[in-house]
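Reviewing the structure listed below.
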Number of protein chains: 4
Amino acid sequence: MLAVVKEQKTKGVRLKQVPVPKPQKDELLIKVKIVSICGTDVNIYDWTPWAQSHINPPIIVGHEVVGEVVEINGKSKNIKVGDLISSETHIFCGRCYQCKIGNKHICENMQLFGIGRNGGFAQYATVPIKTSWKNDKTIPLEEMSSQEPLGNAVHVIHRVNVKGKTVLVTGLGPTGLCAVAAAKAYGAKKIIALNRGSYRRVLGKKMGADEVYEKLPEKYLNKMDVVLEMSGNEIAIQTAFEAARIKATVIIFGIPKKDISLNFGKYFIDKELTVKGVFGRKIWETWEDVSELLKSKKVDLTKIITHRFKLSEFEKAMEVMKSGECGKILLIP
Amino acid sequence: MLAVVKEQKTKGVRLKQVPVPKPQKDELLIKVKIVSICGTDVNIYDWTPWAQSHINPPIIVGHEVVGEVVEINGKSKNIKVGDLISSETHIFCGRCYQCKIGNKHICENMQLFGIGRNGGFAQYATVPIKTSWKNDKTIPLEEMSSQEPLGNAVHVIHRVNVKGKTVLVTGLGPTGLCAVAAAKAYGAKKIIALNRGSYRRVLGKKMGADEVYEKLPEKYLNKMDVVLEMSGNEIAIQTAFEAARIKATVIIFGIPKKDISLNFGKYFIDKELTVKGVFGRKIWETWEDVSELLKSKKVDLTKIITHRFKLSEFEKAMEVMKSGECGKILLIP
Amino acid sequence: MLAVVKEQKTKGVRLKQVPVPKPQKDELLIKVKIVSICGTDVNIYDWTPWAQSHINPPIIVGHEVVGEVVEINGKSKNIKVGDLISSETHIFCGRCYQCKIGNKHICENMQLFGIGRNGGFAQYATVPIKTSWKNDKTIPLEEMSSQEPLGNAVHVIHRVNVKGKTVLVTGLGPTGLCAVAAAKAYGAKKIIALNRGSYRRVLGKKMGADEVYEKLPEKYLNKMDVVLEMSGNEIAIQTAFEAARIKATVIIFGIPKKDISLNFGKYFIDKELTVKGVFGRKIWETWEDVSELLKSKKVDLTKIITHRFKLSEFEKAMEVMKSGECGKILLIP
Amino acid sequence: MLAVVKEQKTKGVRLKQVPVPKPQKDELLIKVKIVSICGTDVNIYDWTPWAQSHINPPIIVGHEVVGEVVEINGKSKNIKVGDLISSETHIFCGRCYQCKIGNKHICENMQLFGIGRNGGFAQYATVPIKTSWKNDKTIPLEEMSSQEPLGNAVHVIHRVNVKGKTVLVTGLGPTGLCAVAAAKAYGAKKIIALNRGSYRRVLGKKMGADEVYEKLPEKYLNKMDVVLEMSGNEIAIQTAFEAARIKATVIIFGIPKKDISLNFGKYFIDKELTVKGVFGRKIWETWEDVSELLKSKKVDLTKIITHRFKLSEFEKAMEVMKSGECGKILLIP
């Protein structure tokens with residue numbers, strides 16, 4: 001089968017023929033229908049420090065996958081051959097302290113699909129049964145592949161109360177766009193969104209932002225009840241803290257490339273802020289919420305799906321991805 | 001009367017004779033019984049950037065004051081001449097949004113006693129009735145003067161759940177020492193405390209720390225449920241984030257002298273931390289709790305009162321204060 | 001001027017001519033534009049035990065009022081003659097413990113507009129400045145008069161998390177209908193509503209309920225994440241507790257006419273429920289949220305405004321009100 | 001071996017010789033060292049309606065057990081032959097929704113040790129490995145047998161914030177006594193306790209109550225921040241709601257014998273109360289907290305252990321238990 005393989009500890013990947021994998025015990029074999037590109041995949045392609053510390057080549061990359069189950073090796077209560085499953089990237093152990101108290105998503109012994117083990121930029125993939133989500137077939141196939149970023153956004157919103165609040169979203173990558181949509185669906189009063197490039201500001205409006213800007217207008221300084229930092233960009237992070245009002249909550253989701261320098265007195269203390277990091281998404285509570293948002297059409301992910309490529313066009317897709325002039329990019333194997 | 005006056009926009013203060021002040025409308029005149037030295041007073045003495053941006057000389061310094069009411073200009077429901085009152089440093093407006101929703105302690109139009117207006121390093125002082133706390137006379141007079149740092153600590157503990165938790169306190173200045181005592185009183189499971197100097201580590205043990213160290217032992221990395229950062233010290237802040245376990249809460253109370261550089265990915269996101277700033281103390285909820293802790297002897301502040309000086313010995317007291325070889329230092333006018 | 005007066009300690013009210021009132025210090029005189037009928041007014045009309053313990057005739061009844069300011073006796077920062085103000089029924093003292101910690105809505109010394117003092121079923125009324133809400137003139141006048149029930153509903157939703165939850169609403173009186181709308185606006189996953197009469201079930205659907213029933217279908221027993229009991233009806237209350245799933249939250253808003261008998265073991269303990277009472281609405285946080293919901297058209301109150309009468313037709317309006325075949329009923333003086 | 005067996009669907013139990021049981025897969029065989037009597041055991045003895053709906057004779061009764069492991073059938077990460085284990089009564093499934101989100105203690109498919117299956121009033125007992133708690137050997141053996149009521153109390157305190165609060169405890173049975181101790185350990189400001197019989201009021205004082213009464217003094221009506229209803233007694237429940245201040249939290253732990261009639265308007269709504277049921281205790285979070293309280297001597301359970309009997313004296317022990325003139329009663333097989 002065709003697969004995108006990280007073969008070397010250098011920049012780039014290789015498209016090549018590899019054998020169809022065999023599902024191990026308690027795994028599924030799926031025929032990949034769609035797999036979308038995540039920012040993480042760009043890191044892996046570019047062989048950034050993050051990638052260097054997480055990836056041990058050779059490995060098949062890609063994790064935002066939807067596929068049809070063609071073989072089940074083990075027992076599954078609800079998944080059958082022919083089902084359409086999406087894969088949760090975070091493969092939890094189920095035994096550590098965090099798993100036991102209901103925080104599987106931040107398991108202490110996490111393994112990562114398409115990062116620590118072979119993933120889904122391929123015609124077939126193997127997925128643990130325990131991290132397979134059976135999709136409701138009324139949801140459009142294209143949306144099924146992009147539930148992870150919406151799940152991140154929903155998990156963000158579950159870490160902060162947006163009901164009747166003024167919300168700033170900094171950064172309109174796919175997850176930032178989903179955060180706009182989730183804040184809207186869950187009752188934010190007003191949503192302001194920032195993004196450097198205009199392409200994604202247009203998408204921000206489509207997803208429900210009341211106002212979008214390149215830079216924060218001065219009138220909003222110290223005025224936001226809630227700030228969702230989705231970019232990891234240094235300037236955006238400073239803006240996030242500047243925009244927060246006294247007693248506000250700031251969510252940190254975007255991962256900066258380097259350390260961030262922060263005036264603790266001015267922000268944390270003088271505003272008595274609450275700042276919360278967000279990692280992944282709850283397994284399976286968040287997936288249930290995502291499914292509901294998609295089924296009820298409260299969120300329409302197709303609005304941010306802007307490009308579709310064949311898997312063999314991977315390099316072209318990666319180029320568009322890096323341009324920032326895109327929403328979600330789908331690959332069809 | 002004798003008073004400690006910040007006269008010039010340079011380092012130092014001056015002890016001098018000034019007239020006894022007249023209470024304005026809705027103010028009290030108090031005869032100062034004891035006034036203790038706060039870290040803020042060191043900033044003012046040293047004319048640090050913080051002081052430069054907050055102080056407009058000439059001003060009488062000092063704010064942790066207990067005094068006897070000698071004159072009341074206005075109406076007061078419960079305060080009478082002869083009462084012993086302590087002063088809350090943060091003079092709230094009572095009209096802004098934060099005041100209206102019960103957050104007077106972080107009022108948007110705050111004025112500061114002994115910083116933005118004349119304070120209590122003097123034989124007499126005027127205090128707004130609305131920021132005067134009438135003391136229960138069963139509490140020892142010396143403790144009455146040091147309720148603000150204990151109030152800070154109690155407010156810290158009200159921002160985080162310590163019940164049955166493993167708590168790290170970084171920095172054992174007077175407020176850090178009070179944080180140890182408050183964490184103990186409110187049911188922490190185990191309290192580890194860090195301080196560079198050994199003098200205050202001894203005090204830390206006296207206030208209830210189970211273990212005290214100069215540096216965090218490696219076995220506690222990623223193990224603390226709750227971290228209270230009370231020092232503002234750059235290295236201590238890094239340690240605070242290192243020590244926090246996945247899903248921990250970190251309290252930021254100590255004000256760093258400069259910006260702090262932080263690995264957002266490693267701390268905020270990978271551990272999904274909650275980080276909360278803490279400012280001042282609730283008016284009057286915290287004061288009621290402090291009063292209760294002192295009356296019931298659950299906290300014994302006299303253990304950290306290590307030095308007493310006459311007001312005229314201010315310079316000597318400031319020297320001891322800067323040495324770090326002290327707990328709380330009292331001045332008697 | 002014409003006014004509806006509770007004159008006797010018996011059933012009924014009297015329409016009569018009375019002098020236009022004079023605003024006392026810190027009060028407004030308003031020309032009443034619209035006043036809507038509340039369930040409380042029915043209690044007063046019928047002289048129920050509740051009314052007997054709260055009303056001391058003679059008194060002008062009515063409290064859900066919008067009027068134009070014609071005279072201001074005192075200072076007001078933002079209200080001017082000509083403004084359209086709605087009145088908050090709960091007149092707080094501003095000095096008690098609850099007022100001080102941000103809970104003015106449940107003040108310990110509450111006075112009630114149109115209940116403990118003259119109200120708004122009249123051509124003119126006097127209203128304290130401190131309980132007058134200045135309306136945004138882009139909101140339709142008819143909606144301005146019905147912000148209190150929507151405010152109750154919004155306050156209900158602020159006492160419980162509905163984000164992504166399955167919500168049951170028992171009782172579709174005007175506040176129940178508003179609760180459906182508010183749960184919808186704030187991100188409930190699915191809203192089931194119960195009402196005995198079919199007229200209001202139709203309105204329930206219009207306000208956003210996914211499903212409406214006379215009785216709870218068996219499949220929903222022990223399945224609801226959140227239950228909002230808005231009826232005060234004995235059977236509905238039992239249903240509310242039956243419908244709640246393990247660990248659910250139940251809101252108690254409807255006031256029963258008599259004591260309710262409850263199986264504590266089966267409900268509170270075996271399901272480990274959280275049950276919260278709700279009183280009034282936050283002053284002014286809730287009003288700000290209500291205003292936003294109306295301005296943004298997230299909630300359209302005109303859908304539940306079903307009848308309009310002249311003030312002189314009060315008796316006819318009261319008859320319709322009692323039939324249950326209505327939504328909100330407006331009176332135009 | 002000797003065992004206390006519920007043989008008939010009538011009042012009473014029978015002491016008889018039965019074979020030593022064999023541990024099934026994933027079970028331990030323990031030699032029972034101490035087993036204490038719980039209120040539930042009285043229900044079973046008396047064949048109350050609750051017992052009739054939960055018990056299917058014949059069954060060996062008793063669940064508050066500590067024993068030495070003599071055989072292990074299956075794998076256990078930390079338990080070895082010779083360890084002293086206490087048994088958690090609630091045998092969870094580990095697969096239902098509540099188990100998955102960290103609420104194993106309120107599992108939807110719960111089985112009960114000593115109630116739904118053979119228990120510990122015997123010389124030997126079998127216990128699932130998954131509900132066996134390995135004791136720290138520095139804790140006195142007698143305290144090991146009574147960790148369940150302390151666990152209930154700790155779980156109560158984890159459902160409500162007692163830090164700096166005025167707490168009323170209604171009912172001083174063993175769990176009520178533990179609730180006093182836990183409220184004390186976790187920073188309550190003042191603890192008032194009520195009990196009909198004077199014997200247990202004396203124990204209440206020993207466990208840390210500041211004041212104990214037969215009836216609530218009038219001055220405390222509407223004054224308590226937190227109320228812990230531990231009795232299930234009808235009058236005590238009314239008192240609990242009467243004592244609660246506006247915005248208070250009331251915990252419902254005691255199971256009433258019949259339905260309770262309650263004025264919803266007066267309590268839930270006019271005071272805007274939060275009322276929370278409490279069931280069992282968290283597995284294993286609560287056990288860890290209990291262990292810590294015992295190891296640190298913050299709670300001394302031996303103060304409430306008032307009687308010790310041989311297992312063969314079961315009937316005599318039951319008599320004392322019913323008299324109410326006792327704390328915890330231990331049986332030694």
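Chains: A, B, ... in order of the structure tokens. Residues: from 1 per chain. Ligands: from 1, in order shown.
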
For the interface of chain A with chain D (cut-off 12 Å, counting only C-alpha atoms), please tabulate each contacting residue of chain A alongside its nearest pair of atoms and their separation in Å to one decimal, rows sorted by chain and increasing number, as a Markdown table.
| residue | atom | partner | partner_atom | distance |
| --- | --- | --- | --- | --- |
| A:Lys77 | CA | D:Arg95 | CA | 11.2 |
| A:Gly94 | CA | D:Lys100 | CA | 9.8 |
| A:Arg95 | CA | D:Lys77 | CA | 11.1 |
| A:Tyr97 | CA | D:Glu285 | CA | 9.9 |
| A:Gln98 | CA | D:Gly102 | CA | 9.3 |
| A:Cys99 | CA | D:Gly102 | CA | 8.3 |
| A:Lys100 | CA | D:Gly102 | CA | 6.2 |
| A:Ile101 | CA | D:Gly102 | CA | 4.2 |
| A:Gly102 | CA | D:Ile101 | CA | 4.2 |
| A:Asn103 | CA | D:Ile101 | CA | 7.7 |
| A:Lys104 | CA | D:Ile101 | CA | 9.0 |
| A:His105 | CA | D:Ile101 | CA | 11.3 |
| A:Lys282 | CA | D:Ile101 | CA | 9.6 |
| A:Ile283 | CA | D:Ile101 | CA | 9.1 |
| A:Trp284 | CA | D:Ile101 | CA | 9.1 |
| A:Glu285 | CA | D:Ile101 | CA | 8.4 |
| A:Thr286 | CA | D:Ile101 | CA | 11.7 |

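With only C-alpha atoms taken into account, the protein and nucleic acid residues at most 7 Å from Gln17 in chain B (excluding it and anything under 3 positions from it in its own chain) are Met1, Leu2 and Ala3 of chain B.
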
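By only C-alpha atoms, and with residues fewer than 3 positions from Val61 in chain C along its chain excluded, the set lying at most 6 Å from it is Gly114, Gly119 and Phe121 of chain C.
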
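The neighbours of range 309-312 of chain C here are the residues that come within 7 Å of it, using only C-alpha atoms and leaving out any residue fewer than 2 positions away in the same chain; they are C:His307, C:Phe314, C:Ala317, C:Leu330, C:Leu331, C:Ile332, C:Pro333.
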
Exercise. Write out as a PyMOL selection string the residues lying within 8 Å of Val70 in chain D, counting only C-alpha atoms and excluding same-chain residues fewer than 5 positions away.
Key: chain D and resi 28-31+81-82

| task | May I have the residues within 10 Å of range 304-306 of chain C as a ChimeraX atom specification, using only C-alpha atoms and disregarding those fewer than 2 positions away in the same chain? | result | /C:36,142-143,146,173-174,177-178,200,203-204,206-207,300-302,308,325-330

Please provide as a tab-separated table (two decimals) with all heavy atoms, in the first residue's frame all residues within 8 Å of range 180-184 of chain C, with the sequence filter that same-chain residues fewer than 2 positions apart are discarded (counting only C-alpha atoms).
chain	number	residue	atom	x	y	z
C	150	LEU	N	-37.07	36.07	31.88
C	150	LEU	CA	-35.86	35.63	31.17
C	150	LEU	C	-34.66	35.72	32.11
C	150	LEU	O	-33.78	34.86	32.12
C	150	LEU	CB	-35.64	36.46	29.90
C	150	LEU	CG	-34.41	36.06	29.07
C	150	LEU	CD1	-34.40	34.58	28.71
C	150	LEU	CD2	-34.32	36.90	27.78
C	153	ALA	N	-34.56	32.77	34.30
C	153	ALA	CA	-34.07	31.61	33.54
C	153	ALA	C	-32.56	31.68	33.36
C	153	ALA	O	-31.85	30.67	33.50
C	153	ALA	CB	-34.77	31.55	32.18
C	154	VAL	N	-32.04	32.85	33.05
C	154	VAL	CA	-30.60	33.00	32.87
C	154	VAL	C	-29.87	32.72	34.18
C	154	VAL	O	-28.84	32.06	34.22
C	154	VAL	CB	-30.27	34.42	32.34
C	154	VAL	CG1	-28.78	34.72	32.46
C	154	VAL	CG2	-30.74	34.55	30.89
C	157	ILE	N	-29.62	29.11	34.72
C	157	ILE	CA	-28.56	28.50	33.90
C	157	ILE	C	-27.18	28.85	34.45
C	157	ILE	O	-26.22	28.10	34.27
C	157	ILE	CB	-28.68	28.93	32.42
C	157	ILE	CG1	-30.05	28.56	31.86
C	157	ILE	CG2	-27.59	28.31	31.56
C	157	ILE	CD1	-30.36	27.10	31.82
C	162	VAL	N	-24.89	23.65	31.67
C	162	VAL	CA	-25.71	22.93	30.68
C	162	VAL	C	-24.94	22.58	29.41
C	162	VAL	O	-25.43	21.84	28.55
C	162	VAL	CB	-26.98	23.72	30.27
C	162	VAL	CG1	-27.89	23.95	31.46
C	162	VAL	CG2	-26.65	25.04	29.60
C	167	VAL	N	-30.85	18.16	29.05
C	167	VAL	CA	-31.56	18.98	30.04
C	167	VAL	C	-33.06	18.69	29.99
C	167	VAL	O	-33.65	18.69	28.91
C	167	VAL	CB	-31.31	20.48	29.76
C	167	VAL	CG1	-32.11	21.35	30.71
C	167	VAL	CG2	-29.83	20.81	29.85
C	169	VAL	N	-36.68	20.19	31.29
C	169	VAL	CA	-37.38	21.33	31.89
C	169	VAL	C	-38.78	20.87	32.25
C	169	VAL	O	-39.54	20.45	31.37
C	169	VAL	CB	-37.44	22.53	30.92
C	169	VAL	CG1	-38.19	23.70	31.54
C	169	VAL	CG2	-36.04	22.96	30.49
C	176	GLY	N	-40.43	28.90	32.62
C	176	GLY	CA	-40.01	27.61	32.06
C	176	GLY	C	-39.69	27.74	30.58
C	176	GLY	O	-38.69	27.20	30.09
C	177	LEU	N	-40.52	28.49	29.86
C	177	LEU	CA	-40.27	28.72	28.43
C	177	LEU	C	-38.94	29.47	28.26
C	177	LEU	O	-38.14	29.15	27.37
C	177	LEU	CB	-41.42	29.51	27.81
C	177	LEU	CG	-42.74	28.74	27.67
C	177	LEU	CD1	-43.90	29.68	27.37
C	177	LEU	CD2	-42.62	27.65	26.59
C	178	CYS	N	-38.71	30.45	29.10
C	178	CYS	CA	-37.44	31.18	29.03
C	178	CYS	C	-36.27	30.26	29.38
C	178	CYS	O	-35.18	30.38	28.82
C	178	CYS	CB	-37.46	32.38	29.98
C	178	CYS	SG	-38.53	33.72	29.41
C	186	TYR	N	-27.21	28.64	25.73
C	186	TYR	CA	-25.98	28.39	26.44
C	186	TYR	C	-25.45	26.98	26.22
C	186	TYR	O	-24.66	26.48	27.01
C	186	TYR	CB	-26.15	28.72	27.92
C	186	TYR	CG	-26.31	30.21	28.19
C	186	TYR	CD1	-27.13	30.70	29.19
C	186	TYR	CD2	-25.61	31.16	27.43
C	186	TYR	CE1	-27.26	32.07	29.43
C	186	TYR	CE2	-25.75	32.53	27.65
C	186	TYR	CZ	-26.57	32.98	28.65
C	186	TYR	OH	-26.70	34.34	28.88
C	187	GLY	N	-25.88	26.33	25.14
C	187	GLY	CA	-25.17	25.14	24.68
C	187	GLY	C	-25.64	23.80	25.19
C	187	GLY	O	-24.87	22.83	25.13
C	188	ALA	N	-26.88	23.68	25.68
C	188	ALA	CA	-27.38	22.36	26.05
C	188	ALA	C	-27.34	21.45	24.82
C	188	ALA	O	-27.48	21.91	23.69
C	188	ALA	CB	-28.80	22.44	26.59
C	191	ILE	N	-32.76	19.24	24.76
C	191	ILE	CA	-33.70	19.78	25.74
C	191	ILE	C	-35.04	19.07	25.61
C	191	ILE	O	-35.67	19.10	24.56
C	191	ILE	CB	-33.89	21.30	25.55
C	191	ILE	CG1	-32.54	22.03	25.67
C	191	ILE	CG2	-34.88	21.85	26.58
C	191	ILE	CD1	-32.56	23.47	25.23
C	193	ALA	N	-38.84	18.89	27.33
C	193	ALA	CA	-39.67	19.72	28.20
C	193	ALA	C	-41.01	19.05	28.45
C	193	ALA	O	-41.56	18.38	27.57
C	193	ALA	CB	-39.88	21.10	27.58
C	204	GLY	N	-43.16	25.71	23.86
C	204	GLY	CA	-41.88	25.10	24.26
C	204	GLY	C	-41.06	24.73	23.03
C	204	GLY	O	-39.84	24.99	22.97
C	207	MET	N	-39.58	27.79	21.45
C	207	MET	CA	-38.45	28.38	22.18
C	207	MET	C	-37.20	27.51	22.10
C	207	MET	O	-36.15	27.89	22.63
C	207	MET	CB	-38.83	28.61	23.65
C	207	MET	CG	-39.89	29.68	23.84
C	207	MET	SD	-39.51	31.24	22.99
C	207	MET	CE	-38.56	32.10	24.26
C	208	GLY	N	-37.30	26.31	21.52
C	208	GLY	CA	-36.09	25.54	21.31
C	208	GLY	C	-36.05	24.15	21.92
C	208	GLY	O	-35.02	23.46	21.82
C	209	ALA	N	-37.14	23.70	22.55
C	209	ALA	CA	-37.13	22.33	23.08
C	209	ALA	C	-37.03	21.34	21.93
C	209	ALA	O	-37.68	21.52	20.90
C	209	ALA	CB	-38.39	22.08	23.90
C	299	VAL	N	-32.25	34.99	21.86
C	299	VAL	CA	-33.56	34.66	22.42
C	299	VAL	C	-34.56	35.67	21.87
C	299	VAL	O	-34.28	36.86	21.84
C	299	VAL	CB	-33.55	34.71	23.96
C	299	VAL	CG1	-34.97	34.54	24.52
C	299	VAL	CG2	-32.64	33.62	24.52

Q | Filtered DSSP result for range 76-222 of chain A, state strand (DSSP E or B), as a PyMOL selection string | A | chain A and resi 84-87+90-91+111-113+117+122+124-128+132-134+166-170+190-194+211-213
